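Engineer: Dropping a structure here in structure tokens format, bear with me for questions.
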Amino acid sequence: MRRETGGRIDRSRVLRFSFDGRELAGHPGDTLASALLACGIRIVGRSVDLGRPRGIFTAGAEEPNALLRVGDEPMAAATAVELRDGLQAWSLRGRGRLDPSAPPAGARHDKAYLHCDVLVVGAGPAGLAAALAAGEAGARVVLLDDQPEPGGDLLGGRTLLDGAPAAEWAAAVTARLAALPEVRVLPRTTATGYHDHNYVIAVEERDANRAAAGRGSGGRGRVPGGGDGGRRRGTGGAGDGGRRLWHFRAGRVVLATGAHERSVAFPGNDRPGVMLASAARTYANRYGVLPGRRAVVFTCTDSGHEAARDLAAAGVEVVEVVDPREAGAVVTGTLADSEGVLAGVVIAAPAPPGDPVPERVVACDLLAVSGGWNPAVHLFSQSQGRLRFDETLQAFVPDRSAQAERSAGACRGVYGTAAAVADGFEAGSWAAGETWTRARGEAGGGRGEALRVPRCDEPDPLPPAALWAVPAPARSGSGDGTAHGPGAVAGGAAEAFVDLQRDVTVADVERATGAGMRSVEHVKRYTTAGTGADQGKTSGATAVGVVAGLLGAAPGQVGTTTFRPPYTPVAFGVLAGRERGALSDPVRVTAMHGLHVARGAVFEDVGQWKRPRHFPLGGESMAEAVERERRAARTGAAAMDASTLGKIEIIGRDAGEFLDRIYTNTFSTLPVGSCRYGMMCGADGMVLDDGVATRLAPDRYLATTTTGNAAAVLDRLEEWRQTEWPHLDVSLTSVTDHWAVVAVVGPRSGPVARALLPGVDFGDFPFMTYRESGPARVFRISFSGELAYEINVPRWYGAALWEAALELGAVPYGTETMHVLRAEKGFAIVGQETDGTVTPQDLGMGWIVSARKPDFVGRRSHTRPDTARPGRRRLVGLVPDDPGETLTEGAQLVAAPGGTRMLGHVTSAYPGVALAMAAGVATGDRLVAFDASGGGQVPVTVVSPVFHDPENTRRDGDPQPGSSRPGDAAAGRGAGPDPAGAAAGPAPDWASDDRRVSPLAEFAGRFAAEGSPEAVIREVPFLPVREVRGEEQSEGLRLGPDWWLVAGGPAGGDDGATAGGADPAAAAGPGPGVDVSAQWAVVELAGPGVRDVLMTGCPIDLHPEVFTTGSHTRTLLGRVPVVLHRVGPDVYRVLAGSSLAGYLAEWLLDALEGL
Amino acid sequence: MQSIECPWCGPRDEIEFRYGGQAGVAYPPDPAALSDEEWAGYVFVRDNPRGWFHERWFHAHGCRTWFSIRRHTVTHETEPGPALHGSGRAPSAPGAGEAG
């Protein structure tokens, strides 16, 4: 029932909502729970196991009963949901079940990273005081609170501070905090996790905060459904539930999280109408709601008497206050009406031992219970702080901090408003590196009037009664309680609830201890007490008290269960934030990606890369497409986008020596202009990676790595270079994203290459050599066994080169065909044939392991007993008896049908061709490939792993047309346009400036459309950039101790500016280091809101006085490695690898929308 | 999320780094001279203390520096460790192995 006046609600406005289909109304300022109570709703659900009716029990996040489905959210505590117009809520019954067909929740969540000197959690009297003390001292302060307005418990009480309502003091402090520029107050924000090194996670109801601040929930006032792609689905009114997951890194943390009241385990303590006394008081005072008309208060604390006074003042008839400390009286049971709602309580007076306990029944519809207070030590405990049990307070309180943290106020057992304020001043001053004492504060010392403790009208509290359960549970384990008065519905330990949410009773705990359990952790798991969505906030200490009573121990000896994050449930969608759907994981694409999409390519993920797997034409199946592509490569001309291979330039006087130590074979003797295949092992001797290294100059090599291993290999090389061989003159520069690569493959690839590369003398271009043509680097290497040219061009030219190759007749092929081609040649793929247990010798590649070099990484391991033993698995080929059959990768090889001894497994399988790693088998052996996943048993024969051209006669072209696999020659003519004919035309101009495409060219329109006064975004294309290692540079961006990005490339950029914003003239010619101009995509963000965009994905401290103008660093932005450069007060440049630029652009556009 | 102090970039979130295991395990000067057990000790065996541990980190997404810190494996307290000089030992240094 709503009171006529009073409370912090706005009666002039009506918010309509529904509960279980009933149309109801409340007001701004209400929670869903207070509005339900105001509407007379007593039963809000049924308990999970016993199906007992349950009502609202608390007025905060600790609620065990009133868990409802609210809009999109499957379960939320009604006590923590702010009422909004149009809200729809439903009660829950039984065990929850997520609806897999439910549409995805529409709310738009994100994340943010913020560093501060002092983080204060909780804006009650202690937290407000702490924030003020720290803020006045000049610290960067963040103050969080889960409520819509600061004040905490002061909002729900009637305490007077300096003779005025305490909420006025809270408002005055809040106003002073607002005036401090380095203090940030975040209402509606719940800290859920306290992790290592003062890393605190919190969830902000961001849409609600924006709505309260008069800002729309949908970014910049977007029209619902207007171009929104259905991403958000309105569930009613302002604030669609969009949240922000904050990541705070704090110098010091002040926890001012208050305390939770606890109940007493007495029979029938779960009836709707039984409520915590503090909650009843909060509903009456703060929400102007009478939670009942006729109340009994059962209290072990002084705060229960305060509640009785406040309820009476609000108009509730308080018929009796039962305080075990006064006359020993206790509540021993409850009565219910026909619906199960509280109708009366049974009160027992103490009696001499042996005498019957005199009981009487008092009719009432509200029983306000206070069993004592539990300091909210959840975050403290998560931070690994140690707890102790305080016998006076009958509560667990913080003992020793594990991090730079201090608890203040009720969360460390300091009760009373004035004491909490003083404790807060002390804690906040400590956090800011100052000292404050109460004596000085009351004398107006320290920071003078600013930190004065207000006079408070509260009496000093007396200690609570140590009462956990009524009747005290029997140590024998028999759960029957004492007799109850006539009419008492509830009776005995089986109806005395410890954990309301999990339906755990004193009888359940008795069964656990009766079964021999002594650890509270065991009791928790046996009974499930404390495992509900509320994580036992109201029940945990009670369970400990009951266990202690049963074991005859002190609660402090029993101890608590472990507090784990999150403090309150966090939706997975909030954890994901922006990173869902297309943004769920960074995606890397090549310069030709758009062309592949347009051509209908089917993609596969290789690491973060999207690679075309095949290019189906006109409804072809994959098998058909791959066969067509394969034929083109074997008999005509085909082209593959090989840009994804890792590329590292190794530069320095000792580059050859360095590679000799890394690779199993020798590179120091490689002639300039030649290429060599190399394999590298770990120290354990197992194959780590392979690739081709080319000597570009005496002191300069280019090494390629596999696509998926590029980053790991580069990191590994840096490890050896820096930690073992720092005396070697060598540097490593990744150029993976600088180059786009088109492999032109096949016996008729020559004419295509000739047309594309007018600068190359094809009359003198032997296998395994390297040439240049304009901006292109050309390598005559082959992964198919056929004549092939790998053409590397700066990424800007990649699309034009690809199109030119295809116009010349090359048939595009994808990774599947690439795999088939190499499998036919018996070439192993690292990560497919190898799995970390395979040596080069196992692959039949002993020839690549130098016997002459004294050492290389992994060499010694090749003579270990296990790696040197005979009978290891070796690479073999397999042919199924039925040539139409395709084996299953991963199938087990056994000697005969029904065999159980595993000889090996299939590592690669394509139609008619398979590779395997198998032990003790020889060519001609007949085996069975057993596919445990349902493919059955396929008879196979062991063959050489080299299926195609074992003599390597085809690498310079087709020696005699028609010599390839039967059927290929005839089909080859139809594999595509005759490439030879096309070569007659003029050389394609893929290298002309107007054919260049910058990495973000396709985003220009959307960038322009998303601009706002807060932030504008644009690409800075074609910046000439060189990466320099070692020598100190006078200009440019220093990214590491010996690592610079400097202006200048082979050609001038049309922006004129440079990466470092330095002299444009520097762009004129090549400088030292490596040209990486096409490696970086450069995005410029400008405007006063840019820092708010960056903070949603960048974990470093972006405070303007920390990340000052001119600052630059390498870090992460939305999980993309970037160089972040603040070029002006409100202007930032973000440099990202060009392959990641599209992902980053989408991410930034989403961030701009959410600004 | 631990905060790791990079000697070049300052404190950064753990996700910017790659963990490098125990520090101070130098490449043996002459692997060929080691017994199988000794070599296996270098390749496979590392300390795993409950307490202070000298370990290597690599600022992969930052300045790309390998460095060391001391970290308490229970409390995660950290303090700077000595610079990684490298053993300076070259696998192919003369006399390091079975030359020829």
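Within each chain, counting starts at residue 1; across the structure tokens, chains are named A, B, ... in the order shown, with ligands numbered 1 upward in that order.
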Select from stretch 524-725 of chain A everything DSSP, run on the backbone, classes as helix (DSSP H, G or I), then give the selection as a PyMOL selection string.
Structural biologist: chain A and resi 524-527+540-551+555-558+572-576+581-583+593-598+622-635+655-662+710-724
Engineer: Report as CSV the residues of chain A within 6 Å of chain B, each with its shortest atom pair and distance in Å (one decimal), using only C-alpha atoms, ordered by chain and increasing residue number.
Structural biologist:
residue,atom,partner,partner_atom,distance
A:Asp196,CA,B:Gln2,CA,5.4
A:His197,CA,B:Gln2,CA,5.7
A:Thr723,CA,B:Gly86,CA,4.1
A:Glu724,CA,B:Gly86,CA,3.9
A:Trp725,CA,B:Gly88,CA,5.2
A:Arg852,CA,B:Gly100,CA,5.4
A:Pro854,CA,B:Gly97,CA,4.8
A:Asp855,CA,B:Pro91,CA,5.0
A:Phe856,CA,B:Pro91,CA,6.0
A:Leu1039,CA,B:Cys63,CA,5.5
A:Gly1040,CA,B:Cys63,CA,4.2
A:Arg1114,CA,B:Gly62,CA,4.6
A:Thr1115,CA,B:Gly62,CA,5.3
A:Pro1121,CA,B:His61,CA,5.9
Engineer: Considering only C-alpha atoms, return as a PyMOL selection string whatever protein or nucleic-acid residues lie within 8 Å of A:Glu649, sequence-local ones (same chain, fewer than 6 positions apart) excluded.
Structural biologist: chain A and resi 700-703+731-735
Engineer: Take the residues that were just selected and, keeping N, CA and C atoms, output them as a PDB file, in the first residue's frame.
Structural biologist:
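Once everything was written out, this is again-v9.pdb:
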ATOM      1  N   ARG A 700      70.448  -9.291 -45.480  1.00  0.00           N
ATOM      2  CA  ARG A 700      68.998  -9.143 -45.423  1.00  0.00           C
ATOM      3  C   ARG A 700      68.305 -10.375 -45.999  1.00  0.00           C
ATOM      4  N   TYR A 701      67.450 -10.978 -45.181  1.00  0.00           N
ATOM      5  CA  TYR A 701      66.657 -12.136 -45.616  1.00  0.00           C
ATOM      6  C   TYR A 701      65.182 -11.831 -45.424  1.00  0.00           C
ATOM      7  N   LEU A 702      64.379 -12.483 -46.230  1.00  0.00           N
ATOM      8  CA  LEU A 702      62.934 -12.474 -45.999  1.00  0.00           C
ATOM      9  C   LEU A 702      62.516 -13.918 -45.741  1.00  0.00           C
ATOM     10  N   ALA A 703      61.931 -14.166 -44.583  1.00  0.00           N
ATOM     11  CA  ALA A 703      61.491 -15.521 -44.239  1.00  0.00           C
ATOM     12  C   ALA A 703      59.970 -15.552 -44.199  1.00  0.00           C
ATOM     13  N   SER A 731      68.087  -7.876 -36.653  1.00  0.00           N
ATOM     14  CA  SER A 731      66.782  -7.355 -36.221  1.00  0.00           C
ATOM     15  C   SER A 731      65.691  -8.069 -36.992  1.00  0.00           C
ATOM     16  N   LEU A 732      64.503  -8.042 -36.431  1.00  0.00           N
ATOM     17  CA  LEU A 732      63.356  -8.763 -36.995  1.00  0.00           C
ATOM     18  C   LEU A 732      62.223  -7.772 -37.225  1.00  0.00           C
ATOM     19  N   THR A 733      61.684  -7.764 -38.426  1.00  0.00           N
ATOM     20  CA  THR A 733      60.572  -6.863 -38.734  1.00  0.00           C
ATOM     21  C   THR A 733      59.492  -7.649 -39.461  1.00  0.00           C
ATOM     22  N   SER A 734      58.315  -7.678 -38.859  1.00  0.00           N
ATOM     23  CA  SER A 734      57.208  -8.339 -39.541  1.00  0.00           C
ATOM     24  C   SER A 734      56.737  -7.468 -40.694  1.00  0.00           C
ATOM     25  N   VAL A 735      56.601  -8.076 -41.868  1.00  0.00           N
ATOM     26  CA  VAL A 735      56.076  -7.332 -43.020  1.00  0.00           C
ATOM     27  C   VAL A 735      54.869  -8.075 -43.602  1.00  0.00           C
TER      28      VAL A 735
END
Engineer: Can you tell me which residues surround stretch 1141-1148 of chain A at a distance of at most 9 Å, considering only C-alpha atoms, apart from same-chain residues fewer than 6 positions away, and format the answer as a list in words?
Structural biologist: Arg578, Glu579, Ala582, Leu583, Asp585, Pro586, Val587, Arg588, Val589, Pro999, Leu1000, Glu1002, Phe1003, Phe1007, Ile1017, Trp1080, Ala1081, Val1082, Val1083, Val1093, Leu1094, Leu1117, Gly1118, Val1120 and Leu1135 of chain A
Engineer: Could you pull out the residues in stretch 670-852 of chain A that DSSP calls strand (DSSP E or B) from the backbone, as number ranges by chain?
Structural biologist: A: 674-681, 687-697, 700-705, 731-734, 739-745, 769-773, 776-779, 788-794, 811-812
Engineer: Could you list, as a PyMOL selection string, every residue within 9 Å of A:Thr834, counting only C-alpha atoms and ignoring same-chain residues fewer than 3 positions away?
Structural biologist: chain A and resi 686-688+828-831+837-839+843+907+917
Engineer: For a test of reading the model, state the distance in Å between atom CA of A:Val274 and atom CA of A:Asn65, rounded to one decimal.
Structural biologist: 11.2 Å
Engineer: Skip A:Ser407 itself and residues of its chain fewer than 3 positions away, then list as number ranges by chain all residues within 8 Å of it, counting only C-alpha atoms.
Structural biologist: A: 254-256, 380, 398, 411-412, 427
Engineer: Would you mind exporting the chosen residues as a PDB file, in the first residue's frame, restricted to C-alpha atoms?
Structural biologist:
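Saved result, out-v9.pdb, follows:
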ATOM      1  CA  VAL A 254      38.176   1.823  -0.540  1.00  0.00           C
ATOM      2  CA  LEU A 255      35.407  -0.690  -0.019  1.00  0.00           C
ATOM      3  CA  ALA A 256      32.321   0.871   1.517  1.00  0.00           C
ATOM      4  CA  PHE A 380      37.196  -7.801   0.242  1.00  0.00           C
ATOM      5  CA  PRO A 398      37.779  -7.942   7.303  1.00  0.00           C
ATOM      6  CA  CYS A 411      31.439  -3.458   5.615  1.00  0.00           C
ATOM      7  CA  ARG A 412      34.083  -3.730   8.307  1.00  0.00           C
ATOM      8  CA  ALA A 427      40.005   5.600   4.523  1.00  0.00           C
TER       9      ALA A 427
END
Engineer: At what distance in Å, to one decimal, does atom CA of A:Pro1099 lie from atom CA of A:Gly122?
Structural biologist: 23.7 Å
Engineer: Quick one: residues within 9 Å of stretch 168-180 of chain A, only C-alpha atoms counted, chain neighbours fewer than 2 positions away excluded, as a ChimeraX atom specification?
Structural biologist: /A:123-125,128-129,131-132,135-136,138,149-152,154-155,161-162,164-166,182-185,454
Engineer: One decimal, in Å: what's the spacing between atom CA of A:Ser944 and atom CA of A:Met679?
Structural biologist: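 Those two atoms sit 21.4 Å apart.
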